[in-house]
Structures are given as C-alpha cells and as structure tokens.
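Pasting my_file.tsv here (TSV, C-alpha atoms):
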```
chain	number	residue	atom	x	y	z
Q	103	LEU	CA	-114.70	-105.58	-175.07
Q	104	THR	CA	-118.14	-104.00	-175.30
Q	105	ASP	CA	-119.56	-101.00	-177.14
Q	106	ALA	CA	-121.41	-98.06	-175.59
Q	107	SER	CA	-124.64	-100.09	-175.41
Q	108	GLY	CA	-122.95	-103.00	-173.65
Q	109	ARG	CA	-122.94	-105.32	-176.66
Q	110	PRO	CA	-119.78	-107.40	-177.20
Q	111	VAL	CA	-117.34	-106.20	-179.84
Q	112	HIS	CA	-115.02	-108.67	-181.58
Q	113	VAL	CA	-111.56	-107.26	-182.14
Q	114	ASN	CA	-108.05	-108.22	-183.20
Q	115	ILE	CA	-105.34	-107.21	-180.73
Q	116	SER	CA	-101.65	-107.09	-181.57
Q	117	ALA	CA	-98.89	-106.23	-179.10
Q	118	THR	CA	-95.46	-104.69	-179.73
Q	119	LEU	CA	-92.62	-104.20	-177.24
Q	120	ILE	CA	-90.91	-100.81	-177.73
Q	121	PRO	CA	-87.56	-100.08	-175.96
Q	122	ILE	CA	-87.39	-96.45	-174.82
Q	123	GLU	CA	-84.46	-95.05	-172.75
Q	124	GLY	CA	-83.63	-98.37	-171.12
Q	125	GLN	CA	-87.27	-99.25	-170.47
Q	126	VAL	CA	-89.69	-101.39	-172.44
Q	127	MET	CA	-93.16	-100.14	-173.25
Q	128	LEU	CA	-96.02	-102.28	-174.47
Q	129	SER	CA	-97.98	-100.93	-177.45
Q	130	LEU	CA	-101.39	-102.46	-178.19
Q	131	LEU	CA	-103.21	-102.12	-181.51
Q	132	VAL	CA	-106.92	-102.89	-181.33
Q	133	GLN	CA	-108.80	-103.37	-184.61
Q	134	ASP	CA	-112.54	-103.87	-184.97
Q	135	ARG	CA	-113.10	-107.20	-186.76
Q	136	LYS	CA	-116.51	-106.01	-187.94
Q	137	ARG	CA	-114.86	-103.36	-190.14
Q	138	GLU	CA	-112.46	-105.96	-191.47
Q	139	LYS	CA	-115.37	-108.24	-192.37
Q	140	GLU	CA	-117.16	-105.34	-194.07
Q	141	ARG	CA	-114.11	-104.64	-196.22
Q	142	GLU	CA	-113.91	-108.29	-197.23
Q	143	GLU	CA	-117.62	-108.39	-198.12
Q	144	ALA	CA	-117.30	-105.14	-200.08
Q	145	GLY	CA	-114.38	-106.52	-202.06
Q	146	ARG	CA	-116.28	-109.70	-202.95
Q	147	LEU	CA	-119.36	-107.70	-203.94
Q	148	VAL	CA	-117.38	-105.41	-206.24
Q	149	GLU	CA	-115.72	-108.44	-207.86
Q	150	ASN	CA	-119.09	-110.15	-208.39
Q	151	PHE	CA	-120.65	-106.96	-209.75
Q	152	ALA	CA	-117.75	-106.45	-212.16
Q	153	LEU	CA	-117.89	-110.05	-213.38
Q	154	GLY	CA	-121.64	-109.88	-213.96
Q	155	ILE	CA	-121.34	-106.59	-215.84
Q	156	SER	CA	-118.50	-107.85	-218.05
Q	157	GLN	CA	-120.48	-110.98	-218.99
Q	158	ALA	CA	-123.80	-109.18	-219.54
Q	159	GLU	CA	-125.02	-108.58	-223.09
Q	160	GLY	CA	-126.62	-105.26	-222.15
Q	161	ILE	CA	-127.48	-102.87	-219.35
Q	162	ASN	CA	-130.59	-104.77	-218.24
Q	163	ALA	CA	-128.70	-108.04	-217.90
Q	164	ALA	CA	-125.95	-106.21	-215.97
Q	165	LEU	CA	-128.46	-104.64	-213.58
Q	166	GLU	CA	-130.28	-107.94	-213.08
Q	167	SER	CA	-127.01	-109.59	-212.12
Q	168	MET	CA	-126.42	-106.84	-209.56
Q	169	LEU	CA	-129.93	-107.19	-208.13
Q	170	HIS	CA	-129.42	-110.91	-207.58
Q	171	GLN	CA	-126.02	-110.35	-205.96
Q	172	ILE	CA	-127.59	-107.87	-203.53
Q	173	HIS	CA	-130.45	-110.29	-202.82
Q	174	ASP	CA	-127.92	-113.02	-201.95
Q	175	LEU	CA	-126.23	-110.62	-199.53
Q	176	SER	CA	-129.28	-109.01	-197.93
Q	177	GLY	CA	-132.18	-111.45	-198.31
Q	178	TRP	CA	-134.50	-108.62	-199.45
Q	179	GLN	CA	-137.49	-110.27	-201.14
Q	180	PHE	CA	-138.13	-108.01	-204.15
Q	181	GLY	CA	-135.86	-105.82	-206.24
Q	182	GLU	CA	-136.03	-103.85	-209.47
Q	183	ALA	CA	-133.97	-101.27	-211.35
Q	184	TRP	CA	-134.83	-97.85	-212.77
Q	185	ILE	CA	-132.80	-95.92	-215.35
Q	186	PRO	CA	-132.92	-92.20	-216.26
Q	187	ARG	CA	-134.19	-91.71	-219.79
Q	188	ASN	CA	-131.71	-90.19	-222.28
Q	189	ASP	CA	-133.09	-86.69	-221.72
Q	190	ARG	CA	-132.86	-87.28	-217.92
Q	191	ARG	CA	-136.35	-85.91	-217.39
Q	192	VAL	CA	-137.87	-89.13	-216.08
Q	193	LEU	CA	-136.95	-92.54	-214.71
Q	194	GLU	CA	-138.00	-95.62	-216.68
Q	195	CYS	CA	-138.39	-99.03	-215.10
Q	196	ALA	CA	-135.74	-101.37	-216.52
Q	197	SER	CA	-136.51	-104.95	-217.44
Q	198	ALA	CA	-134.13	-106.05	-214.67
Q	199	TRP	CA	-135.92	-107.33	-211.57
Q	200	TYR	CA	-136.23	-110.32	-209.23
Q	201	CYS	CA	-139.01	-111.65	-207.03
Q	202	GLU	CA	-138.91	-114.36	-204.36
Q	203	PHE	CA	-142.64	-115.08	-204.33
Q	204	PRO	CA	-145.33	-115.02	-207.07
Q	205	SER	CA	-147.54	-112.96	-204.76
Q	206	LEU	CA	-145.10	-110.04	-205.15
Q	207	GLU	CA	-145.45	-109.78	-208.93
Q	208	SER	CA	-148.22	-107.18	-208.50
Q	209	ILE	CA	-145.49	-104.68	-207.55
Q	210	ARG	CA	-143.84	-105.25	-210.89
Q	211	ALA	CA	-147.10	-104.70	-212.74
Q	212	ALA	CA	-147.38	-101.27	-211.11
Q	213	SER	CA	-143.87	-100.30	-212.30
Q	214	VAL	CA	-143.54	-101.40	-215.91
Q	215	GLU	CA	-145.68	-98.63	-217.40
Q	216	ALA	CA	-144.50	-95.83	-215.11
Q	217	TRP	CA	-142.32	-92.81	-215.88
Q	218	LEU	CA	-141.19	-90.95	-212.77
Q	219	PRO	CA	-139.86	-87.36	-212.76
Q	220	PRO	CA	-137.19	-86.40	-210.21
Q	221	GLY	CA	-138.59	-86.45	-206.67
Q	222	ILE	CA	-141.72	-88.36	-207.66
Q	223	GLY	CA	-142.24	-91.85	-206.31
Q	224	PHE	CA	-139.89	-93.91	-204.20
Q	225	PRO	CA	-137.17	-94.21	-206.91
Q	226	GLY	CA	-137.58	-90.55	-207.88
Q	227	ARG	CA	-136.97	-89.49	-204.31
Q	228	ALA	CA	-133.59	-91.27	-204.29
Q	229	TRP	CA	-132.80	-89.86	-207.75
Q	230	ILE	CA	-133.10	-86.25	-206.65
Q	231	ALA	CA	-131.48	-86.88	-203.24
Q	232	LYS	CA	-128.52	-88.76	-204.80
Q	233	GLU	CA	-128.36	-90.89	-201.69
Q	234	PRO	CA	-130.16	-94.00	-200.37
Q	235	VAL	CA	-133.72	-93.60	-199.10
Q	236	TRP	CA	-134.98	-96.07	-196.48
Q	237	ILE	CA	-138.63	-96.51	-195.52
Q	238	LYS	CA	-138.86	-98.34	-192.20
Q	239	ASP	CA	-142.63	-98.79	-192.38
Q	240	LEU	CA	-144.43	-98.55	-195.71
Q	241	ALA	CA	-147.69	-97.80	-193.90
Q	242	SER	CA	-146.26	-94.42	-192.89
Q	243	ASP	CA	-145.25	-93.43	-196.45
Q	244	ARG	CA	-148.45	-93.65	-198.45
Q	245	GLY	CA	-147.63	-90.93	-200.96
Q	246	TYR	CA	-144.85	-92.59	-202.97
Q	247	PHE	CA	-145.33	-94.53	-206.19
Q	248	GLY	CA	-144.88	-98.28	-205.72
Q	249	VAL	CA	-145.37	-98.19	-201.97
Q	250	ALA	CA	-149.10	-98.98	-202.10
Q	251	ALA	CA	-148.57	-102.03	-204.32
Q	252	ALA	CA	-145.72	-103.24	-202.11
Q	253	ARG	CA	-147.81	-102.81	-198.97
Q	254	GLU	CA	-150.77	-104.66	-200.51
Q	255	ALA	CA	-148.41	-107.53	-201.43
Q	256	GLY	CA	-147.46	-107.91	-197.76
Q	257	LEU	CA	-144.16	-106.04	-197.78
Q	258	ARG	CA	-143.35	-103.70	-194.91
Q	259	ALA	CA	-140.10	-101.83	-195.58
Q	260	GLY	CA	-138.12	-100.60	-198.56
Q	261	VAL	CA	-134.91	-98.99	-199.72
Q	262	ALA	CA	-133.94	-97.15	-202.91
Q	263	ILE	CA	-130.21	-96.95	-203.69
Q	264	PRO	CA	-128.86	-94.65	-206.42
Q	265	VAL	CA	-125.92	-95.97	-208.44
Q	266	MET	CA	-123.59	-92.99	-208.60
Q	267	ALA	CA	-120.85	-92.16	-211.12
Q	268	MET	CA	-119.24	-89.03	-209.70
Q	269	ASP	CA	-122.27	-86.76	-209.20
Q	270	GLN	CA	-124.47	-88.41	-211.84
Q	271	VAL	CA	-127.10	-91.06	-211.15
Q	272	VAL	CA	-126.67	-94.04	-213.50
Q	273	ALA	CA	-129.54	-96.12	-212.11
Q	274	ILE	CA	-131.77	-96.56	-209.06
Q	275	LEU	CA	-132.06	-99.96	-207.36
Q	276	THR	CA	-135.20	-100.42	-205.24
Q	277	PHE	CA	-135.83	-103.24	-202.80
Q	278	TYR	CA	-138.68	-104.29	-200.51
Q	279	MET	CA	-138.80	-106.66	-197.56
Q	280	ARG	CA	-141.48	-108.46	-195.54
Q	281	GLU	CA	-140.86	-106.95	-192.11
Q	282	CYS	CA	-140.52	-103.41	-190.77
Q	283	ARG	CA	-136.83	-102.67	-190.22
Q	284	ASP	CA	-134.68	-99.86	-188.95
Q	285	GLU	CA	-132.20	-98.68	-191.56
Q	286	ASP	CA	-129.40	-101.19	-192.07
Q	287	GLU	CA	-126.57	-98.69	-192.41
Q	288	THR	CA	-123.88	-101.35	-192.84
Q	289	HIS	CA	-125.54	-103.02	-195.82
Q	290	ILE	CA	-126.57	-99.73	-197.38
Q	291	ARG	CA	-123.05	-98.29	-197.13
Q	292	LEU	CA	-121.52	-101.49	-198.47
Q	293	ILE	CA	-123.92	-101.72	-201.44
Q	294	ALA	CA	-123.79	-98.01	-202.31
Q	295	ASN	CA	-119.99	-97.98	-202.31
Q	296	ALA	CA	-119.77	-101.18	-204.37
Q	297	THR	CA	-122.23	-99.91	-207.00
Q	298	ALA	CA	-120.27	-96.66	-207.28
Q	299	ASP	CA	-117.06	-98.65	-207.89
Q	300	VAL	CA	-118.58	-100.46	-210.89
Q	301	SER	CA	-120.68	-97.57	-212.24
Q	302	PRO	CA	-118.21	-96.86	-215.12
Q	303	GLY	CA	-118.92	-100.37	-216.41
Q	304	LEU	CA	-122.66	-99.69	-216.34
Q	305	GLN	CA	-122.15	-96.40	-218.17
Q	306	ARG	CA	-120.27	-98.25	-220.91
Q	307	LYS	CA	-123.14	-100.71	-221.29
Q	308	ILE	CA	-125.58	-97.81	-221.62
Q	309	SER	CA	-123.35	-96.09	-224.21
Q	310	GLU	CA	-122.99	-99.30	-226.20
Q	311	GLU	CA	-126.77	-99.76	-226.34
Q	312	GLU	CA	-127.30	-96.14	-227.37
Q	313	SER	CA	-124.73	-96.55	-230.15
Q	314	ARG	CA	-126.47	-99.67	-231.47
Q	315	GLU	CA	-129.85	-97.91	-231.41
Q	316	HIS	CA	-128.46	-95.11	-233.58
```

For this file, produce the structure as structure tokens.
Amino acid sequence: LTDASGRPVHVNISATLIPIEGQVMLSLLVQDRKREKEREEAGRLVENFALGISQAEGINAALESMLHQIHDLSGWQFGEAWIPRNDRRVLECASAWYCEFPSLESIRAASVEAWLPPGIGFPGRAWIAKEPVWIKDLASDRGYFGVAAAREAGLRAGVAIPVMAMDQVVAILTFYMRECRDEDETHIRLIANATADVSPGLQRKISEEESREH
C-alpha cells in the first residue's frame, strides 16, 4: 500500500470470513503499523518519565531526567527546562539541562540569568500559546530570546514544548538541533502527550519543594 504521496505504508491486515444468508463474505481489517509503533513508543516514554520522576530528589532532577529521555528519542543536541515562578508572572530557567557539545554551552549562559514574561522569548511564546512552538530556521526568527545564542552556536532549528496539567503550564522544555527541519509532528505529539500524562508527578515535586522552603 502507498499513501497519497506515493510513499509505502506498512500495515497489518487481518481477514475474517462472515457467513451471511448462505454466502460467505470476506472482511478485511487494515491497521497502520506506524500508529501502532507510536503507541508503543509513547507507552515506553511515559513509563521512563514516571520512573525518573519517582526517583528524582526534586523538580530539577525530574526535569533533567525527562530532557535526557527526550534526547535519547529525538537526537536533539541541546535541551533545557523553564518553570513558571510561584506568582506565574515570569518563567525562570531551571537547573535542568543537557548539552551534546561544549560549543553549545553559550546557549546555557544566555538563559541562566533570564526571567521571561508570557509571550516573551522562545519559551515564553510556548507558555502563552499552551502548545508546542517549532522554529524551522532560527535565522528567520531573530526576535526571540535564546535564538541568537543558539544560532551563533551553530544550531539551526528549535522547539519549545509546554508540559500541561489540564489547562495549566507546569514547565516548558526547549530543544535545539543542528540542521533546519520541518516540524516533526509525530515526535512533538508523542512527547507532548507523554509529558501531560506525567505532569501530576511534576506538580507534586514542585509542591514538595515549596513546602520545604516554607
């Protein structure tokens, strides 16, 4: 089988013989194996997220575990996490991050001192939109915080994914990669859904830290 663009589609086909009024009809069920694989990957990702969160000592360790799990899945070269401050007026850069190459650490230096209001910067844009934001070519989006540092470090595309608990943003995960890319809808959908599934665990970590601070 092929899709509308002529590319091959891998499917599972099951056949059932159905007797109807003395005749036998053949019923075929065709299932897209790609969707089946996505469901399996999503299940594994949720399990790995949940395990990392349960073993983490705090919210930053939990987010760092998630960033590394997403890196293993996607291969994106740089990732960091942002968390809304208690008053929810600004985003603060969490201590959770990962970096494949030392040359990318300049991006981190641009983030650690920043506070971003809703809609400001790359993470702030995803915060106010409450949905993933993909930048195919960083050269075309010069106005967002973090983009200039990423571009100067040799990165070409980026994505910011809000971690949603109902209609509330728990955190923003931002990633950059070395080549310009069209939006990877499959990975984005998979990651966004998996983070939403484990967001209650992240909220508990945040509440526990707030309780200790007070």

Long-range neighbours of range 168-183 of chain Q as JSON, numbers by chain, 7 Å cut-off, only C-alpha atoms, 6 positions minimum in chain:
{"Q": [151, 195, 196, 198, 199, 200, 201, 202, 273, 274, 275, 276, 277, 278, 279]}

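Relative to CA of Val235 in chain Q, CA of Asp189 in chain Q is found at 23.7 Å.
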
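Distance annotation: of Q:Ala211, Q:Ala262, Q:Ile230, Q:Cys282, the residue with the minimal separation from Ala294 in chain Q is Q:Ala262; atom set is only C-alpha atoms.
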
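Residues lying within 12 Å of Asn188 in chain Q, counting only C-alpha atoms and ignoring same-chain neighbours fewer than 5 positions away, are Leu193, Glu194, Val272, Ala273, Ile308, Ser309, Glu311 and Glu312 of chain Q.
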
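The nearest approach to Val261 in chain Q among the residues Q:Arg141, Q:Arg210, Q:Arg314, Q:Lys238, with all atoms listed in the file taken into account, belongs to Q:Lys238.
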
Determine, counting all atoms listed in the file, every residue of protein, DNA or RNA that lies within 12 Å of (-119.1, -96.5, -206.0) in the file coordinates, then give the result as a PyMOL selection string.
chain Q and resi 144-145+147-148+151-152+233+263-272+290-304

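Among Q:Glu281, Q:Asp286, Q:Glu254, Q:Glu159, the residue with the shortest atom-to-atom distance to Trp236 in chain Q, counting all atoms listed in the file, is Q:Asp286.
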
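Among the candidate residues Q:Pro204, Q:Pro219, Q:Gly256, Q:Gly154, the one lying nearest to Arg187 in chain Q is Q:Pro219, with distances computed using only C-alpha atoms.
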
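Nearest to His289 in chain Q of all the residues Q:Arg253, Q:Ala228, Q:Ala117, Q:Lys139 is Q:Lys139, counting all atoms listed in the file.
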